[in-house]
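Source file: my_file-v4.txt (compact mmCIF, C-alpha atoms)
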# COMPACT_ATOMS: atom_id res chain seq x y z
CA MET S 1 158.72 77.48 -48.72
CA ASP S 2 160.64 80.74 -49.18
CA GLU S 3 164.08 79.23 -48.64
CA GLN S 4 167.36 80.65 -49.87
CA PRO S 5 171.04 80.46 -48.99
CA ALA S 6 171.97 82.89 -46.21
CA ALA S 7 174.63 84.57 -48.35
CA SER S 8 172.03 85.79 -50.86
CA LEU S 9 169.96 87.78 -48.37
CA THR S 10 169.94 91.53 -48.11
CA ALA S 11 171.80 92.39 -44.94
CA ASP S 12 169.12 93.95 -42.74
CA PRO S 13 169.97 94.26 -39.01
CA LEU S 14 167.68 91.41 -37.92
CA THR S 15 169.13 89.02 -40.50
CA ILE S 16 172.68 89.97 -39.55
CA ALA S 17 171.93 89.41 -35.84
CA ALA S 18 170.27 86.06 -36.60
CA LEU S 19 173.18 84.88 -38.76
CA ASP S 20 175.73 85.96 -36.14
CA THR S 21 173.75 84.25 -33.38
CA GLU S 22 173.36 81.06 -35.41
CA ARG S 23 177.13 80.96 -36.10
CA HIS S 24 177.76 81.47 -32.37
CA VAL S 25 175.48 78.54 -31.51
CA ALA S 26 177.00 76.39 -34.28
CA GLY S 27 180.45 77.02 -32.82
CA ALA S 28 179.48 74.86 -29.83
CA GLY S 29 178.69 71.86 -32.04
CA TRP S 30 175.64 69.61 -32.07
CA ASP S 31 173.49 67.96 -29.42
CA GLN S 32 172.87 71.17 -27.49
CA PRO S 33 169.85 72.13 -25.42
CA ALA S 34 167.59 74.94 -26.60
CA ARG S 35 169.21 78.37 -26.34
CA LEU S 36 167.47 81.73 -25.96
CA PHE S 37 168.85 85.20 -26.70
CA ALA S 38 167.50 88.69 -26.07
CA LEU S 39 168.04 91.07 -29.00
CA VAL S 40 168.71 94.68 -28.07
CA ARG S 41 169.61 97.62 -30.24
CA THR S 42 173.36 97.98 -29.93
CA ALA S 43 173.11 101.78 -29.73
CA SER S 44 170.74 101.51 -26.74
CA LEU S 45 172.97 98.91 -25.09
CA LEU S 46 176.03 101.16 -25.48
CA ALA S 47 174.12 104.13 -24.06
CA ARG S 48 173.57 102.06 -20.88
CA GLU S 49 176.91 100.19 -20.94
CA PRO S 50 179.50 102.37 -22.77
CA GLN S 51 182.40 100.15 -21.66
CA LEU S 52 181.15 97.45 -24.06
CA ARG S 53 182.19 99.54 -27.09
CA THR S 54 185.74 98.16 -26.90
CA GLN S 55 184.39 94.62 -27.41
CA LEU S 56 182.53 95.47 -30.62
CA GLY S 57 183.75 95.61 -34.19
CA PRO S 58 182.71 98.04 -36.95
CA ALA S 59 179.88 95.77 -38.17
CA ASP S 60 178.48 95.62 -34.62
CA LEU S 61 178.24 99.40 -34.62
CA ALA S 62 176.31 99.72 -37.89
CA GLU S 63 173.12 101.75 -37.80
CA GLY S 64 170.21 99.71 -36.43
CA ALA S 65 172.44 96.80 -35.37
CA PHE S 66 171.30 94.36 -32.70
CA THR S 67 173.33 92.64 -30.01
CA ALA S 68 172.29 89.15 -28.91
CA ILE S 69 172.51 88.46 -25.17
CA GLU S 70 172.18 84.82 -24.18
CA GLN S 71 169.65 84.04 -21.47
CA GLU S 72 171.30 81.34 -19.43
CA GLY S 73 169.61 78.93 -17.08
CA LEU S 74 166.58 78.04 -19.18
CA PRO S 75 164.41 75.67 -17.14
CA ALA S 76 164.44 72.07 -18.31
CA THR S 77 161.10 71.05 -19.78
CA SER S 78 159.87 68.55 -22.31
CA SER S 79 157.34 71.07 -23.62
CA LEU S 80 158.46 73.90 -25.84
CA GLU S 81 155.05 75.55 -25.38
CA THR S 82 155.45 75.52 -21.59
CA LEU S 83 158.93 77.01 -21.81
CA LEU S 84 157.97 79.82 -24.19
CA GLY S 85 154.73 80.47 -22.32
CA ARG S 86 156.78 81.49 -19.25
CA ILE S 87 158.87 84.09 -21.07
CA ALA S 88 158.19 87.81 -20.89
CA TRP S 89 160.60 90.56 -21.88
CA PRO S 90 161.24 94.00 -20.39
CA ASP S 91 160.75 97.04 -22.63
CA GLU S 92 164.51 97.33 -23.20
CA VAL S 93 164.49 94.10 -25.21
CA ASP S 94 163.69 94.68 -28.89
CA GLY S 95 163.47 91.05 -29.96
CA CYS S 96 164.65 87.53 -29.28
CA ALA S 97 166.27 84.58 -30.97
CA PHE S 98 165.70 80.94 -30.10
CA ALA S 99 167.81 78.01 -31.28
CA ILE S 100 166.62 74.43 -31.04
CA GLU S 101 167.68 71.12 -32.55
CA ARG S 102 165.18 68.72 -34.04
CA MET S 103 164.95 65.44 -35.93
CA VAL S 104 163.17 65.57 -39.26
CA VAL S 105 161.82 62.47 -40.95
CA PRO S 106 159.79 61.98 -44.14
CA PRO S 107 156.01 62.13 -43.58
CA ASP S 108 155.60 58.40 -44.22
CA ALA S 109 157.94 57.67 -41.29
CA GLU S 110 155.20 58.80 -38.93
CA ARG S 111 152.92 55.95 -39.97
CA ASP S 112 152.76 52.96 -37.66
CA LEU S 113 154.58 54.65 -34.78
CA PRO S 114 154.39 53.06 -31.32
CA GLU S 115 151.99 54.57 -28.79
CA ARG S 116 154.43 55.18 -25.94
CA PRO S 117 156.20 58.58 -26.31
CA GLU S 118 159.60 57.11 -25.41
CA ALA S 119 159.21 54.43 -28.08
CA VAL S 120 158.22 57.08 -30.66
CA VAL S 121 161.44 59.01 -30.02
CA GLU S 122 163.48 55.80 -30.36
CA ALA S 123 161.71 54.82 -33.58
CA LEU S 124 162.20 58.25 -35.15
CA ALA S 125 165.82 58.52 -33.98
CA GLY S 126 166.59 55.17 -35.60
CA HIS S 127 164.86 55.94 -38.90
CA PRO S 128 167.30 55.61 -41.84
CA ASP S 129 166.05 58.85 -43.48
CA ARG S 130 166.25 60.92 -40.31
CA LYS S 131 167.90 64.34 -40.64
CA ASP S 132 169.20 66.37 -37.71
CA VAL S 133 168.62 70.11 -38.01
CA ARG S 134 169.11 73.21 -35.91
CA LEU S 135 166.52 75.91 -36.26
CA LEU S 136 167.14 79.48 -35.18
CA VAL S 137 164.17 81.84 -35.19
CA ALA S 138 164.58 85.56 -34.52
CA VAL S 139 161.66 87.96 -34.03
CA LEU S 140 161.27 91.63 -33.19
CA ARG S 141 158.52 93.37 -31.27
CA ASP S 142 157.23 94.88 -34.52
CA GLY S 143 156.52 91.39 -35.91
CA SER S 144 159.58 91.14 -38.19
CA SER S 145 161.10 87.67 -38.23
CA ILE S 146 163.68 85.46 -39.88
CA CYS S 147 164.24 81.70 -39.65
CA LEU S 148 167.53 79.89 -40.24
CA LEU S 149 168.00 76.16 -40.71
CA ARG S 150 171.30 74.24 -40.50
CA GLN S 151 171.48 70.55 -41.31
CA ARG S 152 173.99 68.34 -39.54
CA GLU S 153 174.90 66.61 -42.80
CA HIS S 154 175.59 69.97 -44.50
CA ASP S 155 177.15 71.70 -41.50
CA SER S 156 178.71 74.84 -42.94
CA ASP S 157 177.88 78.52 -42.67
CA ASP S 158 177.28 78.84 -46.41
CA ALA S 159 174.69 76.01 -46.35
CA VAL S 160 172.37 77.62 -43.79
CA ALA S 161 168.91 78.05 -45.31
CA THR S 162 166.85 81.12 -44.47
CA GLY S 163 163.26 82.09 -44.90
CA LYS S 164 160.30 83.77 -43.29
CA ASP S 165 158.03 80.71 -43.14
CA LEU S 166 160.33 77.85 -42.12
CA ALA S 167 158.76 77.65 -38.64
CA PRO S 168 155.53 79.69 -38.46
CA GLY S 169 154.44 78.14 -35.16
CA LEU S 170 157.72 79.03 -33.47
CA VAL S 171 157.62 82.55 -34.94
CA ALA S 172 154.12 83.00 -33.46
CA ALA S 173 155.16 81.59 -30.08
CA LEU S 174 158.20 83.87 -29.84
CA THR S 175 156.20 86.89 -30.99
CA ALA S 176 153.67 86.13 -28.21
CA THR S 177 156.46 86.55 -25.61
CA PHE S 178 156.28 90.30 -26.35
CA GLU S 179 152.52 90.62 -25.88
CA ASP S 180 151.14 92.00 -22.64
As a first step, turn the structure in this file into structure tokens.
Amino acid sequence: MDEQPAASLTADPLTIAALDTERHVAGAGWDQPARLFALVRTASLLAREPQLRTQLGPADLAEGAFTAIEQEGLPATSSLETLLGRIAWPDEVDGCAFAIERMVVPPDAERDLPERPEAVVEALAGHPDRKDVRLLVAVLRDGSSICLLRQREHDSDDAVATGKDLAPGLVAALTATFED
């Protein structure tokens, strides 16, 4: 796994947008539903909405910067695949970011799980080695991506792990939202 502390990354526009979006989500605490954001080039956004310039700081105006725009009202679903399969973006959207919380347990915890889905969730939630994490994946139309991972037990901005391959399935699913 190509995992490193967020502070050690080169500050490319996608990484900066992902880190800013993750901090925004983290500001609302834990136990949140999935959250989806459109990523648009800030310069393009300001060309369409010049009045927004007063709300942006110098870092927001850097060359190539992205602005994250939350997509509210995501439909409730128990299937991440169903949710992402319904998403399509207009040409003005350059990328997207998706934040979701998950429970992580050691591989051996998945042995001897009950058959009923509700009982599985209860068993995993009660596992003594369970870890709560928030994953934020950001992708661009050109295939660029970055993944960020925050653990509840190490809940600080300087402890957010980053990497390209932390969630390959989610990267692929989000990238597919830009395909015709």
key: Coordinates-based distance that separates atom CA of S:Leu52 from atom CA of S:Trp89 (Å, one decimal)   = 21.8 Å
ask   = What lies within 12 Å of S:Ala59 using only C-alpha atoms, ignoring chain neighbours under 2 positions off, as number ranges by chain?
value = S: 11-13, 16-17, 20, 42, 53, 55-57, 61-67
task = Compute the distance from (161.4, 57.4, -34.2) to each atom, counting only C-alpha atoms, keep the residues with any atom at most 12 Å away, and return them as a VMD selection string; use the coordinates of the file.
result = chain S and resid 102 to 131
Grab the residues selected above and save them as a PDB file, in the coordinates of the input with C-alpha atoms.
ATOM      1  CA  ARG S 102     165.180  68.720 -34.040  1.00  0.00           C
ATOM      2  CA  MET S 103     164.950  65.440 -35.930  1.00  0.00           C
ATOM      3  CA  VAL S 104     163.170  65.570 -39.260  1.00  0.00           C
ATOM      4  CA  VAL S 105     161.820  62.470 -40.950  1.00  0.00           C
ATOM      5  CA  PRO S 106     159.790  61.980 -44.140  1.00  0.00           C
ATOM      6  CA  PRO S 107     156.010  62.130 -43.580  1.00  0.00           C
ATOM      7  CA  ASP S 108     155.600  58.400 -44.220  1.00  0.00           C
ATOM      8  CA  ALA S 109     157.940  57.670 -41.290  1.00  0.00           C
ATOM      9  CA  GLU S 110     155.200  58.800 -38.930  1.00  0.00           C
ATOM     10  CA  ARG S 111     152.920  55.950 -39.970  1.00  0.00           C
ATOM     11  CA  ASP S 112     152.760  52.960 -37.660  1.00  0.00           C
ATOM     12  CA  LEU S 113     154.580  54.650 -34.780  1.00  0.00           C
ATOM     13  CA  PRO S 114     154.390  53.060 -31.320  1.00  0.00           C
ATOM     14  CA  GLU S 115     151.990  54.570 -28.790  1.00  0.00           C
ATOM     15  CA  ARG S 116     154.430  55.180 -25.940  1.00  0.00           C
ATOM     16  CA  PRO S 117     156.200  58.580 -26.310  1.00  0.00           C
ATOM     17  CA  GLU S 118     159.600  57.110 -25.410  1.00  0.00           C
ATOM     18  CA  ALA S 119     159.210  54.430 -28.080  1.00  0.00           C
ATOM     19  CA  VAL S 120     158.220  57.080 -30.660  1.00  0.00           C
ATOM     20  CA  VAL S 121     161.440  59.010 -30.020  1.00  0.00           C
ATOM     21  CA  GLU S 122     163.480  55.800 -30.360  1.00  0.00           C
ATOM     22  CA  ALA S 123     161.710  54.820 -33.580  1.00  0.00           C
ATOM     23  CA  LEU S 124     162.200  58.250 -35.150  1.00  0.00           C
ATOM     24  CA  ALA S 125     165.820  58.520 -33.980  1.00  0.00           C
ATOM     25  CA  GLY S 126     166.590  55.170 -35.600  1.00  0.00           C
ATOM     26  CA  HIS S 127     164.860  55.940 -38.900  1.00  0.00           C
ATOM     27  CA  PRO S 128     167.300  55.610 -41.840  1.00  0.00           C
ATOM     28  CA  ASP S 129     166.050  58.850 -43.480  1.00  0.00           C
ATOM     29  CA  ARG S 130     166.250  60.920 -40.310  1.00  0.00           C
ATOM     30  CA  LYS S 131     167.900  64.340 -40.640  1.00  0.00           C
TER      31      LYS S 131
END
Within 10 Å of S:Phe178, counting all atoms listed in the file, which residues show up once you throw out same-chain ones fewer than 5 positions away? Write them as a PDB file with C-alpha atoms, keeping the file's coordinate frame, please.
ATOM      1  CA  ILE S  87     158.870  84.090 -21.070  1.00  0.00           C
ATOM      2  CA  ALA S  88     158.190  87.810 -20.890  1.00  0.00           C
ATOM      3  CA  TRP S  89     160.600  90.560 -21.880  1.00  0.00           C
ATOM      4  CA  PRO S  90     161.240  94.000 -20.390  1.00  0.00           C
ATOM      5  CA  ASP S  91     160.750  97.040 -22.630  1.00  0.00           C
ATOM      6  CA  VAL S  93     164.490  94.100 -25.210  1.00  0.00           C
ATOM      7  CA  ASP S  94     163.690  94.680 -28.890  1.00  0.00           C
ATOM      8  CA  GLY S  95     163.470  91.050 -29.960  1.00  0.00           C
ATOM      9  CA  CYS S  96     164.650  87.530 -29.280  1.00  0.00           C
ATOM     10  CA  VAL S 139     161.660  87.960 -34.030  1.00  0.00           C
ATOM     11  CA  LEU S 140     161.270  91.630 -33.190  1.00  0.00           C
ATOM     12  CA  ARG S 141     158.520  93.370 -31.270  1.00  0.00           C
ATOM     13  CA  ASP S 142     157.230  94.880 -34.520  1.00  0.00           C
ATOM     14  CA  GLY S 143     156.520  91.390 -35.910  1.00  0.00           C
ATOM     15  CA  ALA S 173     155.160  81.590 -30.080  1.00  0.00           C
TER      16      ALA S 173
END
query = Given the choices S:Ile146, S:Leu74, S:Ala43, S:Val171, which gets closest to S:Glu92 if the distance is worked out from only C-alpha atoms?
reply =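 Between S:Ile146, S:Leu74, S:Ala43, S:Val171, the residue approaching S:Glu92 most closely is S:Ala43.
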For S:Gln32, list every protein, DNA or RNA residue within 12 Å, evaluated using all atoms listed in the file, and leave out those in the same chain fewer than 5 positions away; present the list as a PDB file with C-alpha atoms, in the frame of the given file.
ATOM      1  CA  VAL S  25     175.480  78.540 -31.510  1.00  0.00           C
ATOM      2  CA  ALA S  26     177.000  76.390 -34.280  1.00  0.00           C
ATOM      3  CA  GLY S  27     180.450  77.020 -32.820  1.00  0.00           C
ATOM      4  CA  ALA S  99     167.810  78.010 -31.280  1.00  0.00           C
ATOM      5  CA  ILE S 100     166.620  74.430 -31.040  1.00  0.00           C
ATOM      6  CA  GLU S 101     167.680  71.120 -32.550  1.00  0.00           C
ATOM      7  CA  ARG S 102     165.180  68.720 -34.040  1.00  0.00           C
ATOM      8  CA  ASP S 132     169.200  66.370 -37.710  1.00  0.00           C
ATOM      9  CA  VAL S 133     168.620  70.110 -38.010  1.00  0.00           C
ATOM     10  CA  ARG S 134     169.110  73.210 -35.910  1.00  0.00           C
ATOM     11  CA  LEU S 135     166.520  75.910 -36.260  1.00  0.00           C
TER      12      LEU S 135
END
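The gap separating atom CA of S:Glu49 from atom CA of S:Asp180 is 27.1 Å, in Å to one decimal.
With distances taken over all atoms listed in the file, S:Ser145 is the one residue among S:Thr77, S:Gln151, S:Ser44, S:Ser145 lying closest to S:Ala167.
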Point-to-point distance in Å for atom CA of S:Ala97 and atom CA of S:Thr15 = 10.9 Å
ask   = What's the 12 Å shell around S:Asp157, counting only C-alpha atoms, without same-chain residues fewer than 3 positions away, as number ranges by chain?
value = S: 5-7, 19-27, 148-152, 154, 160-162
For stretch 92-116 of chain S, which lacks atoms in the input, supply N, CA, C and O atoms and format the output as an mmCIF file, in the coordinates of the input.
data_model
loop_
_atom_site.group_PDB
_atom_site.id
_atom_site.type_symbol
_atom_site.label_atom_id
_atom_site.label_comp_id
_atom_site.auth_asym_id
_atom_site.auth_seq_id
_atom_site.Cartn_x
_atom_site.Cartn_y
_atom_site.Cartn_z
ATOM 1 N N GLU S 92 163.193 97.099 -22.620
ATOM 2 C CA GLU S 92 164.510 97.330 -23.200
ATOM 3 C C GLU S 92 164.906 96.284 -24.239
ATOM 4 O O GLU S 92 165.844 96.480 -25.001
ATOM 5 N N VAL S 93 164.192 95.172 -24.264
ATOM 6 C CA VAL S 93 164.490 94.100 -25.210
ATOM 7 C C VAL S 93 163.657 94.330 -26.473
ATOM 8 O O VAL S 93 162.436 94.435 -26.405
ATOM 9 N N ASP S 94 164.347 94.386 -27.611
ATOM 10 C CA ASP S 94 163.690 94.680 -28.890
ATOM 11 C C ASP S 94 163.232 93.434 -29.633
ATOM 12 O O ASP S 94 162.405 93.508 -30.534
ATOM 13 N N GLY S 95 163.805 92.288 -29.273
ATOM 14 C CA GLY S 95 163.470 91.050 -29.960
ATOM 15 C C GLY S 95 164.124 89.882 -29.254
ATOM 16 O O GLY S 95 164.740 90.038 -28.199
ATOM 17 N N CYS S 96 163.994 88.714 -29.850
ATOM 18 C CA CYS S 96 164.650 87.530 -29.280
ATOM 19 C C CYS S 96 164.984 86.559 -30.383
ATOM 20 O O CYS S 96 164.433 86.614 -31.484
ATOM 21 N N ALA S 97 165.903 85.661 -30.062
ATOM 22 C CA ALA S 97 166.270 84.580 -30.970
ATOM 23 C C ALA S 97 166.273 83.290 -30.159
ATOM 24 O O ALA S 97 166.687 83.278 -28.997
ATOM 25 N N PHE S 98 165.809 82.235 -30.775
ATOM 26 C CA PHE S 98 165.700 80.940 -30.100
ATOM 27 C C PHE S 98 166.270 79.881 -31.024
ATOM 28 O O PHE S 98 165.891 79.799 -32.199
ATOM 29 N N ALA S 99 167.199 79.083 -30.504
ATOM 30 C CA ALA S 99 167.810 78.010 -31.280
ATOM 31 C C ALA S 99 167.423 76.674 -30.661
ATOM 32 O O ALA S 99 167.486 76.506 -29.441
ATOM 33 N N ILE S 100 167.025 75.746 -31.517
ATOM 34 C CA ILE S 100 166.620 74.430 -31.040
ATOM 35 C C ILE S 100 166.965 73.383 -32.105
ATOM 36 O O ILE S 100 166.881 73.662 -33.298
ATOM 37 N N GLU S 101 167.369 72.225 -31.645
ATOM 38 C CA GLU S 101 167.680 71.120 -32.550
ATOM 39 C C GLU S 101 166.483 70.179 -32.625
ATOM 40 O O GLU S 101 165.796 69.964 -31.623
ATOM 41 N N ARG S 102 166.294 69.635 -33.819
ATOM 42 C CA ARG S 102 165.180 68.720 -34.040
ATOM 43 C C ARG S 102 165.584 67.615 -35.003
ATOM 44 O O ARG S 102 166.506 67.769 -35.789
ATOM 45 N N MET S 103 164.843 66.512 -34.942
ATOM 46 C CA MET S 103 164.950 65.440 -35.930
ATOM 47 C C MET S 103 163.845 65.645 -36.934
ATOM 48 O O MET S 103 162.710 65.941 -36.555
ATOM 49 N N VAL S 104 164.170 65.467 -38.204
ATOM 50 C CA VAL S 104 163.170 65.570 -39.260
ATOM 51 C C VAL S 104 163.167 64.238 -40.000
ATOM 52 O O VAL S 104 164.225 63.704 -40.336
ATOM 53 N N VAL S 105 161.978 63.724 -40.205
ATOM 54 C CA VAL S 105 161.820 62.470 -40.950
ATOM 55 C C VAL S 105 160.784 62.698 -42.043
ATOM 56 O O VAL S 105 159.953 63.603 -41.947
ATOM 57 N N PRO S 106 160.816 61.858 -43.093
ATOM 58 C CA PRO S 106 159.790 61.980 -44.140
ATOM 59 C C PRO S 106 158.403 61.720 -43.540
ATOM 60 O O PRO S 106 158.278 60.979 -42.556
ATOM 61 N N PRO S 107 157.366 62.306 -44.120
ATOM 62 C CA PRO S 107 156.010 62.130 -43.580
ATOM 63 C C PRO S 107 155.599 60.663 -43.421
ATOM 64 O O PRO S 107 154.933 60.307 -42.451
ATOM 65 N N ASP S 108 156.008 59.803 -44.333
ATOM 66 C CA ASP S 108 155.600 58.400 -44.220
ATOM 67 C C ASP S 108 156.245 57.692 -43.038
ATOM 68 O O ASP S 108 155.786 56.634 -42.614
ATOM 69 N N ALA S 109 157.290 58.264 -42.462
ATOM 70 C CA ALA S 109 157.940 57.670 -41.290
ATOM 71 C C ALA S 109 157.059 57.754 -40.049
ATOM 72 O O ALA S 109 157.274 57.031 -39.078
ATOM 73 N N GLU S 110 156.074 58.621 -40.093
ATOM 74 C CA GLU S 110 155.200 58.800 -38.930
ATOM 75 C C GLU S 110 154.051 57.810 -38.909
ATOM 76 O O GLU S 110 153.302 57.750 -37.937
ATOM 77 N N ARG S 111 153.937 56.996 -39.968
ATOM 78 C CA ARG S 111 152.920 55.950 -39.970
ATOM 79 C C ARG S 111 153.380 54.796 -39.092
ATOM 80 O O ARG S 111 154.566 54.517 -39.000
ATOM 81 N N ASP S 112 152.478 54.147 -38.459
ATOM 82 C CA ASP S 112 152.760 52.960 -37.660
ATOM 83 C C ASP S 112 153.757 53.208 -36.527
ATOM 84 O O ASP S 112 154.565 52.340 -36.194
ATOM 85 N N LEU S 113 153.706 54.379 -35.919
ATOM 86 C CA LEU S 113 154.580 54.650 -34.780
ATOM 87 C C LEU S 113 154.011 54.004 -33.524
ATOM 88 O O LEU S 113 152.788 53.863 -33.383
ATOM 89 N N PRO S 114 154.882 53.625 -32.592
ATOM 90 C CA PRO S 114 154.390 53.060 -31.320
ATOM 91 C C PRO S 114 153.577 54.102 -30.546
ATOM 92 O O PRO S 114 153.653 55.303 -30.828
ATOM 93 N N GLU S 115 152.829 53.649 -29.567
ATOM 94 C CA GLU S 115 151.990 54.570 -28.790
ATOM 95 C C GLU S 115 152.726 55.251 -27.660
ATOM 96 O O GLU S 115 152.407 56.379 -27.311
ATOM 97 N N ARG S 116 153.702 54.581 -27.062
ATOM 98 C CA ARG S 116 154.430 55.180 -25.940
ATOM 99 C C ARG S 116 155.373 56.277 -26.446
ATOM 100 O O ARG S 116 156.127 56.055 -27.397
#
